[in-house]
>>> print(open('work-v4.cif').read())   # mmCIF, C-alpha atoms and all ligand atoms
data_entry
#
loop_
_atom_site.label_atom_id
_atom_site.label_comp_id
_atom_site.auth_asym_id
_atom_site.auth_seq_id
_atom_site.Cartn_x
_atom_site.Cartn_y
_atom_site.Cartn_z
CA MET A 9 0.00 0.00 0.00
CA HIS A 10 3.06 2.23 -0.25
CA ASP A 11 1.63 4.53 -2.88
CA LYS A 12 -1.87 4.69 -1.39
CA THR A 13 -3.53 7.35 0.70
CA ILE A 14 -6.42 6.35 2.91
CA LEU A 15 -8.70 9.01 4.34
CA LEU A 16 -10.03 7.50 7.53
CA ILE A 17 -13.16 8.98 9.09
CA ILE A 18 -13.62 7.97 12.71
CA GLY A 19 -17.22 8.20 13.83
CA GLY A 20 -18.59 8.46 17.34
CA GLY A 21 -18.92 4.94 18.64
CA ILE A 22 -17.23 2.75 21.21
CA ALA A 23 -15.64 0.79 18.32
CA ALA A 24 -13.51 3.86 17.59
CA TYR A 25 -10.83 2.34 19.81
CA LYS A 26 -10.52 -0.52 17.31
CA THR A 27 -9.89 2.01 14.56
CA LEU A 28 -6.59 2.85 16.23
CA GLU A 29 -5.51 -0.72 15.51
CA LEU A 30 -6.66 -0.29 11.91
CA ILE A 31 -4.42 2.78 11.59
CA ARG A 32 -1.51 0.75 12.94
CA LEU A 33 -2.14 -2.05 10.45
CA LEU A 34 -2.44 0.40 7.55
CA LYS A 35 0.78 2.15 8.49
CA LYS A 36 2.51 -1.24 8.80
CA ARG A 37 1.45 -1.92 5.23
CA GLY A 38 3.00 1.36 4.13
CA ALA A 39 -0.19 3.37 3.48
CA THR A 40 -0.43 7.10 4.08
CA VAL A 41 -3.24 7.62 6.56
CA ARG A 42 -5.07 10.92 6.93
CA ALA A 43 -7.63 10.89 9.70
CA ILE A 44 -10.74 12.93 10.34
CA LEU A 45 -12.15 12.62 13.81
CA THR A 46 -15.81 13.57 14.12
CA THR A 47 -17.01 15.39 17.23
CA GLY A 48 -18.55 12.10 18.40
CA GLY A 49 -15.38 10.19 17.56
CA ALA A 50 -13.36 12.56 19.73
CA GLU A 51 -15.49 11.45 22.71
CA PHE A 52 -13.98 7.97 22.36
CA VAL A 53 -10.42 8.48 21.09
CA THR A 54 -8.24 11.56 21.26
CA PRO A 55 -6.74 13.48 18.32
CA LEU A 56 -3.36 12.89 19.94
CA SER A 57 -3.58 9.07 19.82
CA VAL A 58 -4.87 9.19 16.24
CA SER A 59 -2.10 11.59 15.14
CA THR A 60 0.59 9.59 16.91
CA LEU A 61 -0.40 6.39 15.10
CA ALA A 62 -1.12 8.03 11.75
CA GLY A 63 2.04 10.11 11.88
CA ASP A 64 0.09 13.11 10.67
CA LYS A 65 -2.20 15.81 11.96
CA THR A 66 -5.75 14.74 12.77
CA PHE A 67 -8.39 16.86 11.07
CA THR A 68 -11.46 17.77 13.06
CA ASP A 69 -12.92 21.09 12.07
CA LEU A 70 -14.45 22.18 8.77
CA PHE A 71 -13.89 25.83 9.53
CA ASP A 72 -10.28 25.58 10.67
CA LEU A 73 -8.65 28.47 8.78
CA ASP A 74 -5.19 27.10 9.30
CA ASP A 75 -6.03 23.67 7.85
CA GLU A 76 -8.12 25.19 5.10
CA ALA A 77 -5.21 27.37 4.01
CA LYS A 78 -2.77 24.45 3.98
CA ILE A 79 -4.75 21.62 2.46
CA GLY A 80 -8.46 22.44 2.18
CA HIS A 81 -11.28 20.00 2.69
CA ILE A 82 -11.82 19.45 -1.03
CA GLN A 83 -8.17 18.48 -1.43
CA LEU A 84 -8.38 16.21 1.60
CA ALA A 85 -11.24 14.38 -0.10
CA ARG A 86 -9.61 14.30 -3.52
CA ASP A 87 -6.17 13.06 -2.39
CA ALA A 88 -7.58 9.82 -1.06
CA ASP A 89 -7.39 6.56 -3.00
CA LEU A 90 -10.04 5.25 -0.65
CA ILE A 91 -12.18 6.76 2.10
CA VAL A 92 -12.83 4.44 5.03
CA VAL A 93 -15.49 5.26 7.60
CA ALA A 94 -14.88 3.26 10.78
CA PRO A 95 -16.89 3.11 12.88
CA ALA A 96 -19.76 4.15 10.63
CA THR A 97 -22.49 5.10 13.08
CA ALA A 98 -26.21 5.11 12.29
CA ASP A 99 -26.01 8.91 12.27
CA LEU A 100 -23.12 9.07 9.81
CA MET A 101 -24.80 6.53 7.54
CA ALA A 102 -28.02 8.53 7.59
CA LYS A 103 -26.17 11.74 6.72
CA MET A 104 -24.32 9.99 3.89
CA ALA A 105 -27.53 8.49 2.54
CA VAL A 106 -29.18 11.90 2.17
CA GLY A 107 -26.03 13.80 1.27
CA LEU A 108 -25.74 16.09 4.27
CA ALA A 109 -22.53 18.08 4.51
CA ASN A 110 -22.57 19.87 7.84
CA ASP A 111 -19.16 18.95 9.19
CA LEU A 112 -15.72 18.06 7.86
CA ALA A 113 -16.39 14.30 7.61
CA THR A 114 -19.65 14.56 5.70
CA THR A 115 -18.34 17.39 3.51
CA CYS A 116 -15.34 15.29 2.47
CA LEU A 117 -17.57 12.29 1.81
CA LEU A 118 -19.75 14.39 -0.47
CA ALA A 119 -16.85 16.16 -2.15
CA SER A 120 -15.03 13.00 -3.14
CA ASN A 121 -15.01 10.79 -6.22
CA SER A 122 -12.95 8.17 -4.43
CA PRO A 123 -14.46 4.81 -3.47
CA ILE A 124 -15.92 4.66 0.02
CA LEU A 125 -15.81 1.71 2.41
CA ILE A 126 -17.85 1.84 5.59
CA ALA A 127 -17.57 -0.38 8.67
CA PRO A 128 -20.94 -0.02 10.41
CA ALA A 129 -21.04 -0.28 14.19
CA MET A 130 -24.10 0.28 16.31
CA ASN A 131 -26.58 -1.32 18.65
CA PRO A 132 -28.32 -4.31 16.92
CA VAL A 133 -31.77 -2.73 17.24
CA MET A 134 -30.50 0.45 15.62
CA TYR A 135 -28.90 -1.62 12.86
CA GLU A 136 -32.18 -3.41 12.18
CA ALA A 137 -34.30 -0.24 12.43
CA LYS A 138 -36.30 0.51 9.29
CA ALA A 139 -34.56 3.84 8.77
CA THR A 140 -31.09 2.28 8.97
CA LYS A 141 -32.17 -0.47 6.58
CA ARG A 142 -33.35 2.17 4.12
CA ASN A 143 -30.07 4.01 4.46
CA ARG A 144 -28.07 0.82 3.94
CA THR A 145 -29.95 0.05 0.77
CA GLN A 146 -29.46 3.62 -0.44
CA LEU A 147 -25.74 3.58 0.29
CA ALA A 148 -25.33 0.21 -1.45
CA GLU A 149 -27.15 1.63 -4.46
CA ASP A 150 -24.82 4.62 -4.41
CA GLY A 151 -21.87 2.24 -4.72
CA VAL A 152 -20.66 2.47 -1.13
CA HIS A 153 -18.76 -0.69 -0.08
CA PHE A 154 -19.48 -2.38 3.24
CA ALA A 155 -17.18 -4.14 5.68
CA GLY A 156 -19.44 -5.94 8.13
CA PRO A 157 -20.92 -5.51 10.60
CA ALA A 158 -20.37 -8.73 12.52
CA SER A 159 -22.65 -10.44 15.00
CA GLY A 160 -21.93 -11.15 18.62
CA ASP A 161 -21.85 -9.58 22.07
CA MET A 162 -22.01 -5.81 22.00
CA ALA A 163 -20.37 -3.32 24.34
CA CYS A 164 -23.88 -2.22 25.36
CA GLY A 165 -24.53 -5.71 26.74
CA GLU A 166 -26.90 -6.75 23.97
CA GLU A 167 -26.26 -9.38 21.36
CA GLY A 168 -26.85 -9.35 17.62
CA GLU A 169 -25.66 -7.83 14.39
CA GLY A 170 -23.93 -4.48 14.66
CA ARG A 171 -20.42 -5.06 15.93
CA MET A 172 -17.67 -3.39 13.97
CA LEU A 173 -15.63 -5.91 12.01
CA GLU A 174 -12.19 -6.68 13.40
CA PRO A 175 -9.51 -4.30 12.04
CA ALA A 176 -7.67 -7.14 10.26
CA LEU A 177 -10.82 -8.00 8.36
CA ILE A 178 -11.45 -4.35 7.43
CA LEU A 179 -7.84 -4.28 6.23
CA ASN A 180 -8.58 -7.24 3.97
CA LYS A 181 -11.50 -5.35 2.48
CA ILE A 182 -9.31 -2.30 1.95
CA ASP A 183 -6.72 -4.51 0.30
CA ALA A 184 -9.29 -6.09 -1.96
CA LEU A 185 -10.72 -2.69 -2.97
CA LEU A 186 -7.34 -1.13 -3.65
CA ASN A 187 -6.28 -4.16 -5.65
CA GLN A 188 -9.30 -4.10 -7.88
CA LYS A 189 -8.16 -2.38 -11.05
CA LYS A 190 -11.53 -0.77 -11.40
CA ILE A 191 -13.68 -0.44 -8.34
CA GLU A 192 -17.07 -1.52 -9.44
CA GLY A 193 -20.31 0.10 -8.47
CA PRO A 194 -23.48 -1.33 -7.03
CA LYS A 195 -23.72 -4.09 -9.61
CA SER A 196 -20.87 -5.94 -7.90
CA LEU A 197 -22.73 -6.04 -4.62
CA LEU A 198 -24.25 -9.29 -3.57
CA LEU A 199 -27.40 -9.37 -1.56
CA SER A 200 -26.31 -12.23 0.61
CA GLY A 201 -27.97 -14.56 3.12
CA HIS A 202 -28.79 -11.47 5.14
CA SER A 203 -31.21 -10.30 2.52
CA ASP A 204 -30.04 -6.71 2.50
CA ARG A 205 -26.44 -6.95 3.56
CA PRO A 206 -24.14 -6.22 0.65
CA SER A 207 -20.70 -7.69 0.37
CA GLU A 208 -18.06 -7.84 -2.31
CA LEU A 209 -17.98 -10.81 -4.63
CA LEU A 210 -14.36 -11.52 -3.83
CA LEU A 211 -14.72 -15.19 -4.76
CA GLU A 212 -16.83 -14.79 -7.87
CA GLY A 213 -15.99 -17.47 -10.45
CA ARG A 214 -14.15 -19.57 -7.87
CA HIS A 215 -14.97 -23.11 -6.75
CA VAL A 216 -14.58 -23.87 -3.07
CA LEU A 217 -14.63 -27.37 -1.58
CA VAL A 218 -15.40 -27.69 2.13
CA THR A 219 -15.43 -30.84 4.27
CA ALA A 220 -17.42 -30.61 7.49
CA GLY A 221 -18.85 -32.52 10.40
CA PRO A 222 -17.83 -35.83 11.93
CA THR A 223 -17.61 -39.17 10.19
CA HIS A 224 -19.42 -42.28 11.37
CA GLU A 225 -17.31 -45.39 11.07
CA PRO A 226 -19.56 -48.44 11.36
CA ILE A 227 -18.85 -51.27 13.77
CA ASP A 228 -21.93 -53.26 12.89
CA PRO A 229 -25.39 -52.36 11.51
CA VAL A 230 -26.37 -50.51 14.72
CA ARG A 231 -23.12 -49.08 16.14
CA TYR A 232 -20.47 -46.70 14.93
CA ILE A 233 -17.38 -44.74 16.00
CA ALA A 234 -17.96 -40.96 15.91
CA ASN A 235 -16.86 -37.71 17.56
CA HIS A 236 -18.39 -34.52 18.94
CA SER A 237 -18.05 -32.35 15.82
CA SER A 238 -21.25 -30.38 15.13
CA GLY A 239 -20.21 -29.27 11.63
CA LYS A 240 -21.04 -25.62 12.49
CA GLN A 241 -17.64 -24.20 11.58
CA GLY A 242 -17.44 -26.04 8.25
CA TYR A 243 -21.01 -25.07 7.30
CA ALA A 244 -20.28 -21.44 8.20
CA ILE A 245 -17.22 -21.52 5.94
CA ALA A 246 -19.27 -22.93 3.07
CA MET A 247 -21.88 -20.16 3.54
CA ALA A 248 -19.24 -17.44 3.81
CA ALA A 249 -17.64 -18.61 0.55
CA ARG A 250 -21.06 -18.66 -1.09
CA ASP A 251 -21.78 -15.13 0.13
CA LEU A 252 -18.54 -13.97 -1.46
CA GLY A 253 -19.77 -15.32 -4.80
CA ALA A 254 -18.05 -18.74 -4.95
CA SER A 255 -19.70 -21.92 -6.14
CA VAL A 256 -19.39 -24.20 -3.16
CA THR A 257 -19.41 -27.97 -2.67
CA LEU A 258 -19.96 -28.94 0.95
CA ILE A 259 -19.06 -32.55 1.73
CA SER A 260 -20.62 -33.25 5.07
CA GLY A 261 -20.59 -36.11 7.52
CA PRO A 262 -23.77 -36.69 9.56
CA THR A 263 -24.93 -33.48 11.29
CA SER A 264 -28.24 -32.04 12.43
CA LEU A 265 -27.68 -28.77 10.57
CA PRO A 266 -30.02 -27.65 7.78
CA VAL A 267 -28.74 -27.78 4.21
CA PRO A 268 -27.54 -24.24 3.38
CA ASP A 269 -29.17 -22.54 0.39
CA GLY A 270 -27.23 -22.13 -2.81
CA ILE A 271 -24.61 -24.75 -2.00
CA GLU A 272 -23.99 -28.15 -3.58
CA MET A 273 -24.29 -30.57 -0.69
CA VAL A 274 -22.80 -34.07 -0.70
CA ARG A 275 -23.72 -36.15 2.32
CA VAL A 276 -21.38 -38.92 3.40
CA GLU A 277 -21.00 -41.19 6.42
CA THR A 278 -17.43 -42.49 6.46
CA ALA A 279 -13.94 -41.12 5.85
CA GLU A 280 -13.55 -43.27 2.77
CA GLN A 281 -16.77 -41.86 1.30
CA MET A 282 -15.62 -38.33 2.17
CA LEU A 283 -12.33 -38.85 0.36
CA SER A 284 -14.01 -40.25 -2.71
CA ALA A 285 -16.51 -37.32 -2.78
CA ALA A 286 -13.63 -34.83 -2.38
CA LYS A 287 -11.72 -36.36 -5.28
CA THR A 288 -14.72 -36.22 -7.59
CA THR A 289 -15.37 -32.60 -6.55
CA LEU A 290 -11.98 -31.46 -7.89
CA PRO A 291 -10.90 -29.21 -9.51
CA ALA A 292 -11.39 -26.50 -6.92
CA ASP A 293 -9.59 -23.21 -6.28
CA ILE A 294 -9.76 -23.54 -2.51
CA ALA A 295 -10.20 -26.64 -0.34
CA VAL A 296 -11.03 -26.24 3.33
CA CYS A 297 -10.89 -29.43 5.39
CA ALA A 298 -12.93 -28.59 8.46
CA ALA A 299 -14.27 -32.11 9.00
CA ALA A 300 -13.37 -34.04 12.11
CA VAL A 301 -12.56 -37.17 10.20
CA GLY A 302 -12.44 -40.40 12.18
CA ASP A 303 -8.81 -41.49 12.28
CA TRP A 304 -9.64 -45.17 12.38
CA ARG A 305 -12.31 -47.52 11.13
CA VAL A 306 -13.08 -51.05 12.16
CA ALA A 307 -11.13 -53.44 9.93
CA LYS A 308 -14.11 -55.63 9.39
CA ASN A 309 -17.51 -54.06 9.78
CA ALA A 310 -19.78 -56.89 11.04
CA ASP A 311 -22.75 -57.77 8.81
CA HIS A 312 -24.95 -58.44 11.82
CA LYS A 313 -25.28 -56.86 15.23
CA ILE A 314 -22.43 -58.10 17.41
CA LYS A 315 -23.92 -60.03 20.34
CA LYS A 316 -22.56 -60.17 23.84
CA ALA A 317 -20.54 -63.36 24.14
CA GLY A 318 -20.48 -64.19 27.83
CA SER A 319 -18.16 -61.90 29.80
CA LYS A 320 -15.66 -61.31 27.00
CA PRO A 321 -16.04 -58.00 25.17
CA PRO A 322 -15.40 -58.13 21.43
CA VAL A 323 -12.01 -56.97 20.14
CA LEU A 324 -12.36 -54.30 17.46
CA GLY A 325 -9.42 -54.43 15.08
CA LEU A 326 -8.88 -50.85 13.80
CA VAL A 327 -7.21 -49.67 10.60
CA GLU A 328 -6.24 -46.09 9.77
CA ASN A 329 -8.49 -44.04 7.55
CA PRO A 330 -7.24 -42.18 4.48
CA ASP A 331 -6.19 -38.60 5.15
CA ILE A 332 -8.33 -36.31 3.00
CA LEU A 333 -6.39 -33.12 3.74
CA LYS A 334 -3.07 -34.79 2.95
CA THR A 335 -4.45 -36.27 -0.26
CA LEU A 336 -5.82 -32.92 -1.46
CA SER A 337 -2.50 -31.22 -0.60
CA GLN A 338 -0.45 -33.54 -2.80
CA LYS A 339 1.24 -31.81 -5.72
CA GLY A 340 -0.47 -32.37 -9.02
CA PRO A 341 -2.51 -30.65 -11.71
CA LYS A 342 -5.70 -30.87 -9.67
CA ARG A 343 -4.24 -29.50 -6.43
CA PRO A 344 -6.33 -26.52 -5.29
CA GLN A 345 -4.35 -23.26 -5.22
CA LEU A 346 -5.05 -22.93 -1.53
CA VAL A 347 -5.54 -25.90 0.79
CA ILE A 348 -6.58 -25.05 4.35
CA GLY A 349 -6.65 -27.54 7.19
CA PHE A 350 -7.78 -27.36 10.78
CA ALA A 351 -5.81 -28.61 13.74
CA ALA A 352 -8.07 -29.70 16.55
CA GLU A 353 -5.87 -29.97 19.61
CA THR A 354 -6.30 -30.36 23.34
CA GLN A 355 -2.67 -29.55 24.24
CA ASP A 356 0.42 -27.76 22.79
CA LEU A 357 -1.82 -26.04 20.26
CA ILE A 358 0.72 -24.13 18.17
CA ALA A 359 3.50 -26.73 18.22
CA ASN A 360 1.10 -29.51 17.20
CA ALA A 361 -0.56 -27.35 14.57
CA ARG A 362 2.81 -26.46 13.04
CA LYS A 363 3.68 -30.16 12.87
CA LYS A 364 0.37 -30.82 11.14
CA LEU A 365 0.92 -28.04 8.60
CA LYS A 366 4.18 -29.70 7.61
CA ALA A 367 2.98 -33.29 7.77
CA LYS A 368 -0.12 -32.66 5.68
CA GLY A 369 1.51 -30.40 3.08
CA CYS A 370 -1.35 -27.89 3.18
CA ASP A 371 -0.87 -24.10 2.87
CA TRP A 372 -2.63 -22.79 5.97
CA ILE A 373 -3.65 -24.39 9.24
CA VAL A 374 -6.38 -23.04 11.45
CA ALA A 375 -5.51 -24.22 14.94
CA ASN A 376 -8.22 -24.53 17.53
CA ASP A 377 -8.40 -25.75 21.07
CA VAL A 378 -11.07 -28.42 21.31
CA SER A 379 -10.60 -29.37 24.95
CA ALA A 380 -13.92 -29.69 26.77
CA SER A 381 -13.38 -26.39 28.64
CA SER A 382 -13.01 -24.39 25.37
CA GLY A 383 -16.63 -25.06 24.35
CA THR A 384 -15.56 -25.24 20.68
CA PHE A 385 -17.17 -28.56 19.85
CA GLY A 386 -20.86 -27.88 19.44
CA GLY A 387 -20.57 -24.22 20.53
CA ASP A 388 -21.18 -21.09 18.45
CA ARG A 389 -17.86 -19.41 19.08
CA ASN A 390 -14.33 -20.33 18.19
CA GLN A 391 -10.96 -18.90 19.12
CA VAL A 392 -8.55 -19.85 16.37
CA THR A 393 -4.96 -19.19 15.41
CA LEU A 394 -4.11 -18.99 11.73
CA ILE A 395 -0.71 -20.43 10.85
CA ILE A 396 0.81 -19.53 7.51
CA ASP A 397 4.43 -20.68 7.19
CA GLN A 398 6.23 -18.99 10.10
CA GLU A 399 3.44 -16.51 10.74
CA VAL A 400 1.14 -17.17 13.67
CA GLU A 401 -1.90 -14.94 13.91
CA LYS A 402 -4.05 -15.37 16.99
CA TRP A 403 -7.59 -14.24 16.32
CA PRO A 404 -9.90 -13.12 19.09
CA SER A 405 -12.77 -15.31 20.18
CA LEU A 406 -15.34 -14.87 17.41
CA ASP A 407 -18.61 -16.32 16.24
CA LYS A 408 -18.00 -19.32 14.00
CA GLN A 409 -19.71 -17.29 11.28
CA GLU A 410 -17.23 -14.47 11.78
CA VAL A 411 -14.25 -16.85 11.76
CA ALA A 412 -15.62 -18.22 8.48
CA GLN A 413 -16.05 -14.77 6.88
CA ARG A 414 -12.63 -13.66 7.93
CA LEU A 415 -11.02 -16.85 6.69
CA MET A 416 -12.73 -16.66 3.32
CA VAL A 417 -11.86 -12.96 2.84
CA GLU A 418 -8.22 -13.81 3.63
CA ALA A 419 -8.39 -16.76 1.23
CA ALA A 420 -9.80 -14.49 -1.49
CA GLY A 421 -6.91 -12.09 -0.84
CA ARG A 422 -4.42 -14.95 -1.30
CA LEU A 423 -5.96 -15.91 -4.65
CA THR A 424 -5.80 -12.27 -5.78
CA ASN A 425 -2.15 -12.05 -4.73
CA ASN A 426 -1.36 -15.33 -6.56
CA LYS A 427 -3.05 -13.95 -9.66
CA GLN A 428 -1.16 -10.69 -9.51
CA ALA A 429 2.14 -12.50 -8.96
CA ALA A 430 1.47 -14.64 -12.05
CA GLU A 431 0.71 -11.60 -14.25
N1 LIG B 1 -8.10 -34.71 8.28
C1 LIG B 1 -8.48 -35.31 7.10
N2 LIG B 1 -8.54 -36.66 7.02
C2 LIG B 1 -8.22 -37.43 8.09
C3 LIG B 1 -7.83 -36.81 9.29
C4 LIG B 1 -7.79 -35.44 9.37
O1 LIG B 1 -8.79 -34.61 6.13
N3 LIG B 1 -8.29 -38.71 8.00
C5 LIG B 1 -7.99 -33.25 8.31
C6 LIG B 1 -9.01 -32.55 9.17
O2 LIG B 1 -10.15 -32.21 8.43
C7 LIG B 1 -8.22 -31.34 9.61
C8 LIG B 1 -6.79 -31.84 9.69
O3 LIG B 1 -6.74 -32.98 8.88
O4 LIG B 1 -8.26 -30.32 8.63
C9 LIG B 1 -6.32 -32.17 11.06
O5 LIG B 1 -7.24 -32.99 11.71
P1 LIG B 1 -7.05 -33.41 13.23
O6 LIG B 1 -8.19 -34.27 13.64
O7 LIG B 1 -6.74 -32.18 14.03
O8 LIG B 1 -5.70 -34.20 13.19
P2 LIG B 1 -5.32 -35.62 12.69
O9 LIG B 1 -4.72 -35.52 11.35
O10 LIG B 1 -6.49 -36.54 12.79
O11 LIG B 1 -4.17 -36.01 13.70
P3 LIG B 1 -4.30 -36.33 15.30
O12 LIG B 1 -5.63 -36.98 15.50
O13 LIG B 1 -3.17 -37.24 15.55
O14 LIG B 1 -4.16 -35.02 16.02
#
>>> encode(input="work-v4.cif", output="structure tokens", more="lines below")
Ligand code: CTP
Amino acid sequence: MHDKTILLIIGGGIAAYKTLELIRLLKKRGATVRAILTTGGAEFVTPLSVSTLAGDKTFTDLFDLDDEAKIGHIQLARDADLIVVAPATADLMAKMAVGLANDLATTCLLASNSPILIAPAMNPVMYEAKATKRNRTQLAEDGVHFAGPASGDMACGEEGEGRMLEPALILNKIDALLNQKKIEGPKSLLLSGHSDRPSELLLEGRHVLVTAGPTHEPIDPVRYIANHSSGKQGYAIAMAARDLGASVTLISGPTSLPVPDGIEMVRVETAEQMLSAAKTTLPADIAVCAAAVGDWRVAKNADHKIKKAGSKPPVLGLVENPDILKTLSQKGPKRPQLVIGFAAETQDLIANARKKLKAKGCDWIVANDVSASSGTFGGDRNQVTLIIDQEVEKWPSLDKQEVAQRLMVEAAGRLTNNKQAAE
């Protein structure tokens, strides 16, 4: 981002503190950051902290003669390659939707031809309010790009949609927008699962394969070996890829989850069936192995129910199952560009995950603690660490849906980078 200037507008919401981290990430990537702090924003973060991180003066006042003489609000708006509004409050969104220009932030927004990305953040009821919905639709129609919001616990104590996306995820969006040769208008916006939430089609034209859920390895016609996987994380990944415009094949072991709309679903029971379904699904651009595949199956699955034979329990001879992730990671013409595995661990998370990354030959490993106390198996949240080569990125505890979105946006970024490197 060395040759890029981002005009960052910081609105008045508690999430403004997260914007400081966004500034840090942008600066780390080499971008020039100019920041406007609204009056509300200044209630949450100070001009001094913003200026210190941005390495530049923070602009606050439309009628500041000194600033106006030096740079001018029109110039401030025009110099930007991208304007980012984070947090975008309900108030700021409403003003943008009707074209108000009564302070420096809104004046710059109106006076600019640059693309605009907003990261909404507000109370869930405000986000779902009819007026906000109207404004969102209007802004999407005007070609404004959206980053989030995410769902989860809010600072106000309520739960729902309205949390500002994590800075790293906003950064991905910024990356994707800056990398697009031509930033497209409203036509590129997808009305996703959330009927009126627009998002970029970062995976349009891509095929994504996802394995999910447990496997059931039969012992006899009535018994099987299984595990606690609910399939939630894998299904969320499939839906996130779909929402980014990919065509998705979800190969799922037995779960109680509903079949997601707009996804090709292949139901399997055993690891061997999952492998065979994965092979026939290729080619794919991205493969995500989120399934908790049974490591072993019974060597000889009994044709009839095994009966108790006196006091002696039966001996189940086990054989190892094929490794789907390892198979998909093997070099060859059909290898997906990006193969992502999960490492479910109960101890030495990072060390074991690193070993797995190497042993399986995949590109990324998402490490997660599945010990009973973590609540990952069956729960709605997940705290993961993404391992890419030597890089270890610990993500905060997020909704599985949010982990999925973030992972798929990062994956889309990798495909874009690969494409650019090949050009
Ligand atoms: N995996 C797979 N096929 C298998 C076993 C695992 O595709 N037969 C994939 C999982 O989907 C996951 C990754 O490999 O992406 C790691 O799975 P995990 O259960 O954490 O590890 P294992 O490989 O089974 O190793 P171990 O049980 O010894 O930790």
>>> residues_near_ligand(input="work-v4.cif", ligand="ligand LIG 1 (chain B)", cutoff="9 Å", atoms="only C-alpha atoms and all ligand atoms", output="MDAnalysis selection string")
chainID A and resid 219:221 279:280 282:283 296:304 328:336 348:354 360:361 364:365 367:368 373:376
>>> closest_residue(input="work-v4.cif", among="A:Gly318, A:Gly242, A:Gly270, A:Pro55", to="Ser255 in chain A", atoms="only C-alpha atoms")
A:Gly270
>>> residues_around(input="work-v4.cif", residues="Ile294 in chain A", least_positions_apart="6", cutoff="6 Å", atoms="all atoms listed in the file", output="list in words")
Val216, Pro344, Leu346 and Val347 of chain A
>>> residues_around(input="work-v4.cif", residues="Thr27 in chain A", least_positions_apart="4", cutoff="9 Å", atoms="only C-alpha atoms", output="list of chain:residue names")
A:Leu16, A:Ile18, A:Ala23, A:Ile31, A:Arg32, A:Val58, A:Ala94, A:Pro95, A:Pro175
>>> axis_aligned_box(input="work-v4.cif", around="range 267-282 of chain A", padding_each_side="8 Å", output="AutoDock Vina command-line options")
--center_x -21.4 --center_y -32.7 --center_z 1.4 --size_x 31.6 --size_y 37.1 --size_z 26.0
>>> closest_residue(input="work-v4.cif", among="A:Gly20, A:Gly107, A:Gly63, A:Pro226", to="Pro128 in chain A", atoms="all atoms listed in the file")
A:Gly20
>>> residues_around(input="work-v4.cif", residues="Pro132 in chain A", least_positions_apart="6", cutoff="12 Å", atoms="only C-alpha atoms", output="PyMOL selection string")
chain A and resi 97-98+140-141+157-172
>>> closest_residue(input="work-v4.cif", among="A:Leu45, A:Ala62, A:Ala412, A:Ile14", to="Leu186 in chain A", atoms="only C-alpha atoms")
A:Ile14
>>> closest_residue(input="work-v4.cif", among="A:Asn309, A:Gln391, A:Thr66, A:Ser57", to="Ile17 in chain A", atoms="all atoms listed in the file")
A:Thr66
>>> atom_distance(input="work-v4.cif", atom1="CA of Gly421 in chain A", atom2="CA of Pro268 in chain A")
24.3 Å
>>> closest_residue(input="work-v4.cif", among="A:Ala295, A:Leu30, A:Val93, A:Leu423", to="Leu177 in chain A", atoms="all atoms listed in the file")
A:Leu30
>>> atom_distance(input="work-v4.cif", atom1="CA of Thr40 in chain A", atom2="CA of Ile182 in chain A")
13.1 Å
>>> atom_distance(input="work-v4.cif", atom1="CA of Ser120 in chain A", atom2="CA of Met104 in chain A")
12.0 Å
>>> closest_residue(input="work-v4.cif", among="A:Ala105, A:Val133, A:Val378, A:Leu56", to="Leu118 in chain A", atoms="all atoms listed in the file")
A:Ala105
